[in-house]
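Trainee: Here you go, input.txt (compact mmCIF, C-alpha atoms):
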# COMPACT_ATOMS: atom_id res chain seq x y z
CA MET A 1 89.10 124.30 95.78
CA ILE A 2 87.90 121.95 93.00
CA VAL A 3 91.44 121.69 91.66
CA ALA A 4 92.79 120.74 95.09
CA LEU A 5 90.06 118.15 95.63
CA THR A 6 90.65 116.70 92.16
CA LEU A 7 94.37 116.41 92.91
CA LEU A 8 93.65 114.67 96.20
CA ALA A 9 91.12 112.31 94.61
CA GLY A 10 93.61 111.50 91.83
CA ALA A 11 96.27 110.66 94.39
CA LEU A 12 93.84 108.41 96.26
CA GLY A 13 92.87 106.71 92.99
CA ALA A 14 96.52 106.06 92.14
CA VAL A 15 97.13 104.56 95.58
CA ALA A 16 94.03 102.36 95.21
CA ARG A 17 95.27 101.20 91.79
CA PHE A 18 98.74 100.40 93.14
CA THR A 19 97.27 98.48 96.07
CA LEU A 20 94.86 96.41 93.94
CA ASP A 21 97.48 95.81 91.25
CA SER A 22 100.01 94.57 93.83
CA THR A 23 97.46 92.36 95.56
CA VAL A 24 96.22 90.72 92.36
CA LYS A 25 99.75 90.15 91.02
CA ARG A 26 100.85 88.65 94.34
CA ARG A 27 97.92 86.20 94.46
CA TRP A 28 97.63 85.27 90.77
CA GLN A 29 100.77 85.13 88.70
CA THR A 30 99.71 84.85 85.09
CA ALA A 31 100.85 86.00 81.66
CA PHE A 32 97.50 87.72 81.20
CA PRO A 33 97.34 91.23 82.74
CA LEU A 34 94.40 90.38 84.99
CA ALA A 35 95.07 93.20 87.47
CA THR A 36 94.94 95.93 84.82
CA VAL A 37 91.74 94.56 83.33
CA ALA A 38 90.12 94.38 86.78
CA ILE A 39 91.20 97.93 87.59
CA ASN A 40 89.92 99.37 84.32
CA VAL A 41 86.61 97.53 84.49
CA THR A 42 85.91 98.49 88.10
CA GLY A 43 86.98 102.06 87.39
CA SER A 44 84.62 102.20 84.42
CA LEU A 45 81.80 100.82 86.57
CA ALA A 46 82.51 103.52 89.18
CA LEU A 47 82.49 106.19 86.48
CA GLY A 48 79.15 104.90 85.19
CA LEU A 49 77.67 104.99 88.70
CA LEU A 50 79.00 108.50 89.18
CA ALA A 51 77.70 109.75 85.84
CA GLY A 52 74.34 108.17 86.61
CA ALA A 53 74.19 109.90 89.98
CA VAL A 54 74.75 113.25 88.27
CA LEU A 55 72.48 112.61 85.27
CA PHE A 56 69.59 110.85 86.94
CA HIS A 57 69.68 111.91 90.57
CA GLY A 58 70.67 115.56 90.49
CA GLN A 59 74.05 115.21 92.17
CA PRO A 60 76.38 118.15 91.57
CA ALA A 61 78.45 118.09 88.37
CA THR A 62 81.52 118.86 90.47
CA TRP A 63 81.32 115.23 91.60
CA GLN A 64 82.18 114.22 88.05
CA THR A 65 85.14 116.56 88.04
CA VAL A 66 86.53 115.57 91.42
CA LEU A 67 85.68 111.87 91.50
CA GLY A 68 85.46 111.12 87.78
CA THR A 69 88.50 113.04 86.58
CA GLY A 70 90.38 112.79 89.86
CA PHE A 71 89.77 109.41 91.46
CA CYS A 72 88.76 107.40 88.38
CA GLY A 73 91.46 109.08 86.30
CA GLY A 74 94.10 108.17 88.88
CA TYR A 75 92.69 104.70 89.40
CA THR A 76 92.22 103.51 85.82
CA THR A 77 95.17 102.91 83.59
CA PHE A 78 94.38 102.45 79.94
CA SER A 79 97.93 103.41 78.96
CA THR A 80 99.18 100.39 80.93
CA ALA A 81 96.61 98.21 79.16
CA SER A 82 98.00 99.38 75.81
CA PHE A 83 101.57 98.76 76.94
CA GLU A 84 100.68 95.28 78.19
CA THR A 85 98.98 94.46 74.89
CA VAL A 86 102.12 95.42 72.97
CA ARG A 87 104.27 93.45 75.43
CA LEU A 88 102.14 90.36 74.83
CA VAL A 89 102.60 90.73 71.05
CA GLN A 90 106.37 91.12 71.55
CA GLN A 91 106.38 87.94 73.65
CA GLY A 92 104.75 86.03 70.82
CA ARG A 93 101.34 85.78 72.49
CA PRO A 94 99.02 87.38 69.92
CA GLY A 95 95.94 85.54 71.24
CA LEU A 96 96.42 86.93 74.73
CA ALA A 97 97.16 90.35 73.25
CA LEU A 98 93.91 90.30 71.30
CA ALA A 99 91.98 89.04 74.33
CA ASN A 100 93.48 91.82 76.43
CA ALA A 101 92.76 94.57 73.92
CA LEU A 102 89.23 93.52 73.04
CA GLY A 103 88.39 92.24 76.51
CA SER A 104 89.50 95.47 78.17
CA LEU A 105 87.50 97.56 75.73
CA VAL A 106 84.31 95.50 75.82
CA LEU A 107 84.33 94.87 79.57
CA SER A 108 85.13 98.49 80.43
CA VAL A 109 82.34 99.85 78.24
CA ALA A 110 80.00 97.22 79.69
CA GLY A 111 81.05 98.20 83.22
CA CYS A 112 80.30 101.86 82.56
CA ALA A 113 76.98 100.97 80.95
CA ALA A 114 76.09 98.76 83.93
CA GLY A 115 76.82 101.63 86.31
CA LEU A 116 74.65 104.01 84.31
CA ALA A 117 71.86 101.43 84.09
CA ALA A 118 72.00 100.76 87.82
CA MET A 119 71.68 104.45 88.62
CA TRP A 120 68.89 104.89 86.08
CA ALA A 121 66.97 102.00 87.68
CA LEU A 122 67.14 103.51 91.17
Could you write out this structure as structure tokens?
Mentor:
Amino acid sequence: MIVALTLLAGALGAVARFTLDSTVKRRWQTAFPLATVAINVTGSLALGLLAGAVLFHGQPATWQTVLGTGFCGGYTTFSTASFETVRLVQQGRPGLALANALGSLVLSVAGCAAGLAAMWAL
């Protein structure tokens, strides 16, 4: 049953990613991959909240499997972030590439830490 729920959650995460990505790209056309950064940061925040719920509030560890691996795994897209960084370098935009690579890393870790901290504070 956990495998089926994880599959379903992953599918829902992928649909959520596609929807947000499409919406952001439609509203803000920019050379910087804003949609991917927003997706990865919000997904990391969600994962931090989820991990905090399990660690600090006794929620079942299966939540991490189903929602963390499934939904957050389907929602976040660090492979796309890597691809977009390389694409920016190939386009002769090394500053944007560096901002994307470092910004994605720092903001995603900060998002996860913020989620954990918020759950710890509750």
Trainee: From the set A:Trp120, A:Phe56, A:Phe71, A:Phe78, which residue has the shortest atom-to-atom contact distance to A:Leu8, counting only C-alpha atoms?
Mentor: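 Counting only C-alpha atoms, the residue closest to A:Leu8 is A:Phe71.
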Trainee: Need the shell around stretch 11-23 of chain A: protein/DNA/RNA residues with any atom at most 6 Å away, counting only C-alpha atoms. Skip same-chain ones fewer than 2 positions apart. Format as an mmCIF file with C-alpha atoms, keeping the file's coordinate frame?
Mentor:
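Final file, selection_32.cif:
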data_model
loop_
_atom_site.group_PDB
_atom_site.id
_atom_site.type_symbol
_atom_site.label_atom_id
_atom_site.label_comp_id
_atom_site.auth_asym_id
_atom_site.auth_seq_id
_atom_site.Cartn_x
_atom_site.Cartn_y
_atom_site.Cartn_z
ATOM 1 C CA LEU A 8 93.650 114.670 96.200
ATOM 2 C CA ALA A 9 91.120 112.310 94.610
ATOM 3 C CA LYS A 25 99.750 90.150 91.020
ATOM 4 C CA ARG A 26 100.850 88.650 94.340
ATOM 5 C CA ALA A 35 95.070 93.200 87.470
ATOM 6 C CA PHE A 71 89.770 109.410 91.460
ATOM 7 C CA GLY A 74 94.100 108.170 88.880
ATOM 8 C CA TYR A 75 92.690 104.700 89.400
#
Trainee: Rank A:Gln29, A:Leu34, A:Leu50, A:Thr65 by their smallest atom-to-atom distance to A:Gly10, using only C-alpha atoms, and report the top residue only.
Mentor: A:Thr65
Trainee: State, in Å with one decimal place, the distance from atom CA of A:Ala121 to atom CA of A:Val37.
Mentor: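 So the answer is 26.2 Å.
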Trainee: Counting all atoms listed in the file, which of A:Ala31, A:Ile2, A:Ala118, A:Ile39 gets nearest to A:Ser104?
Mentor: A:Ile39
Trainee: What does the distance between atom CA of A:Arg87 and atom CA of A:Thr30 come to in Å, to one decimal place?
Mentor: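 Computed distance, atom CA of A:Arg87 to atom CA of A:Thr30, equals 13.7 Å.
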Trainee: Padding of 5 Å on every side, edges along x, y and z, all listed atoms of stretch 106-110 of chain A included: what centre and edge lengths in Å, to one decimal, does that box have, as lines of an AutoDock Vina configuration file?
Mentor:
center_x = 82.6
center_y = 97.4
center_z = 78.1
size_x = 15.1
size_y = 15.0
size_z = 14.6
Trainee: Between atom CA of A:Ala4 and atom CA of A:Val66, what is the distance in Å, rounded to a tenth?
Mentor: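 For atom CA of A:Ala4 relative to atom CA of A:Val66, the distance reads 8.9 Å.
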Trainee: So that I can see what lies close to stretch 107-115 of chain A, please list as a list in words the residues with an atom at most 6 Å from it, counting all atoms listed in the file and leaving out residues fewer than 4 positions away in the same chain.
Mentor: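 Contacts, with the query itself left out: Val41, Ser44, Leu45, Gly48, Leu49 and Gly103 of chain A.
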Trainee: Would you mind telling me which residue in A:Gly52, A:Gly43, A:Gly68, A:Gly58 lies nearest to A:Leu7 when using only C-alpha atoms?
Mentor: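 Among the listed residues, the smallest separation from A:Leu7 belongs to A:Gly68.
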Trainee: Find the spatial neighbours of A:Ser79, counting all atoms listed in the file, within a cut-off of 10 Å - ignore same-chain residues fewer than 5 positions away - and output them as a PyMOL selection string.
Mentor: chain A and resi 36+84-85
Trainee: Next, dump the selected residues to file, keeping only C-alpha atoms, as a PDB file, in the coordinates of the input.
Mentor:
ATOM      1  CA  THR A  36      94.940  95.930  84.820  1.00  0.00           C
ATOM      2  CA  GLU A  84     100.680  95.280  78.190  1.00  0.00           C
ATOM      3  CA  THR A  85      98.980  94.460  74.890  1.00  0.00           C
TER       4      THR A  85
END
Trainee: I need the residue nearest A:Thr6 from this list: A:Cys72, A:Ala99, A:Gln91, A:Leu47. Use all atoms listed in the file for the distance.
Mentor: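 The closest residue to A:Thr6 is A:Cys72.
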Trainee: Would you mind telling me which residue in A:Val24, A:Leu96, A:Val106, A:Leu116 lies nearest to A:His57 when using only C-alpha atoms?
Mentor: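 When distances to A:His57 are compared using only C-alpha atoms, the smallest one comes from A:Leu116.
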Trainee: For stretch 31-53 of chain A, write N, CA and C atoms out as a tab-separated table (two decimals), in the first residue's frame.
Mentor:
chain	number	residue	atom	x	y	z
A	31	ALA	N	15.32	35.29	-18.56
A	31	ALA	CA	16.41	34.35	-18.84
A	31	ALA	C	16.74	33.51	-17.63
A	32	PHE	N	16.45	34.05	-16.45
A	32	PHE	CA	16.73	33.32	-15.21
A	32	PHE	C	15.63	32.29	-14.96
A	33	PRO	N	15.99	31.06	-14.60
A	33	PRO	CA	14.99	30.00	-14.38
A	33	PRO	C	14.24	30.15	-13.05
A	34	LEU	N	13.48	31.20	-12.94
A	34	LEU	CA	12.76	31.54	-11.72
A	34	LEU	C	11.81	30.42	-11.28
A	35	ALA	N	11.11	29.82	-12.22
A	35	ALA	CA	10.14	28.78	-11.88
A	35	ALA	C	10.81	27.60	-11.19
A	36	THR	N	11.93	27.15	-11.72
A	36	THR	CA	12.62	26.00	-11.14
A	36	THR	C	13.14	26.31	-9.75
A	37	VAL	N	13.67	27.51	-9.57
A	37	VAL	CA	14.15	27.90	-8.24
A	37	VAL	C	12.98	27.92	-7.26
A	38	ALA	N	11.87	28.52	-7.65
A	38	ALA	CA	10.69	28.59	-6.77
A	38	ALA	C	10.19	27.19	-6.42
A	39	ILE	N	10.16	26.31	-7.38
A	39	ILE	CA	9.70	24.94	-7.14
A	39	ILE	C	10.63	24.22	-6.17
A	40	ASN	N	11.93	24.32	-6.39
A	40	ASN	CA	12.87	23.62	-5.52
A	40	ASN	C	12.90	24.18	-4.10
A	41	VAL	N	12.76	25.48	-3.98
A	41	VAL	CA	12.76	26.09	-2.65
A	41	VAL	C	11.49	25.73	-1.90
A	42	THR	N	10.34	25.83	-2.54
A	42	THR	CA	9.09	25.48	-1.86
A	42	THR	C	9.01	23.99	-1.56
A	43	GLY	N	9.56	23.17	-2.44
A	43	GLY	CA	9.61	21.73	-2.17
A	43	GLY	C	10.51	21.40	-1.01
A	44	SER	N	11.63	22.11	-0.90
A	44	SER	CA	12.54	21.91	0.23
A	44	SER	C	11.90	22.38	1.54
A	45	LEU	N	11.17	23.48	1.49
A	45	LEU	CA	10.43	23.94	2.66
A	45	LEU	C	9.41	22.88	3.10
A	46	ALA	N	8.68	22.34	2.14
A	46	ALA	CA	7.69	21.30	2.45
A	46	ALA	C	8.36	20.07	3.06
A	47	LEU	N	9.51	19.70	2.53
A	47	LEU	CA	10.23	18.55	3.06
A	47	LEU	C	10.71	18.82	4.49
A	48	GLY	N	11.15	20.05	4.76
A	48	GLY	CA	11.56	20.42	6.11
A	48	GLY	C	10.39	20.37	7.08
A	49	LEU	N	9.23	20.88	6.66
A	49	LEU	CA	8.03	20.81	7.50
A	49	LEU	C	7.65	19.36	7.78
A	50	LEU	N	7.71	18.55	6.75
A	50	LEU	CA	7.36	17.13	6.89
A	50	LEU	C	8.33	16.41	7.82
A	51	ALA	N	9.62	16.62	7.62
A	51	ALA	CA	10.61	15.99	8.48
A	51	ALA	C	10.44	16.45	9.92
A	52	GLY	N	10.13	17.74	10.10
A	52	GLY	CA	9.89	18.26	11.44
A	52	GLY	C	8.67	17.64	12.10
A	53	ALA	N	7.63	17.41	11.31
A	53	ALA	CA	6.43	16.77	11.86
A	53	ALA	C	6.73	15.36	12.35
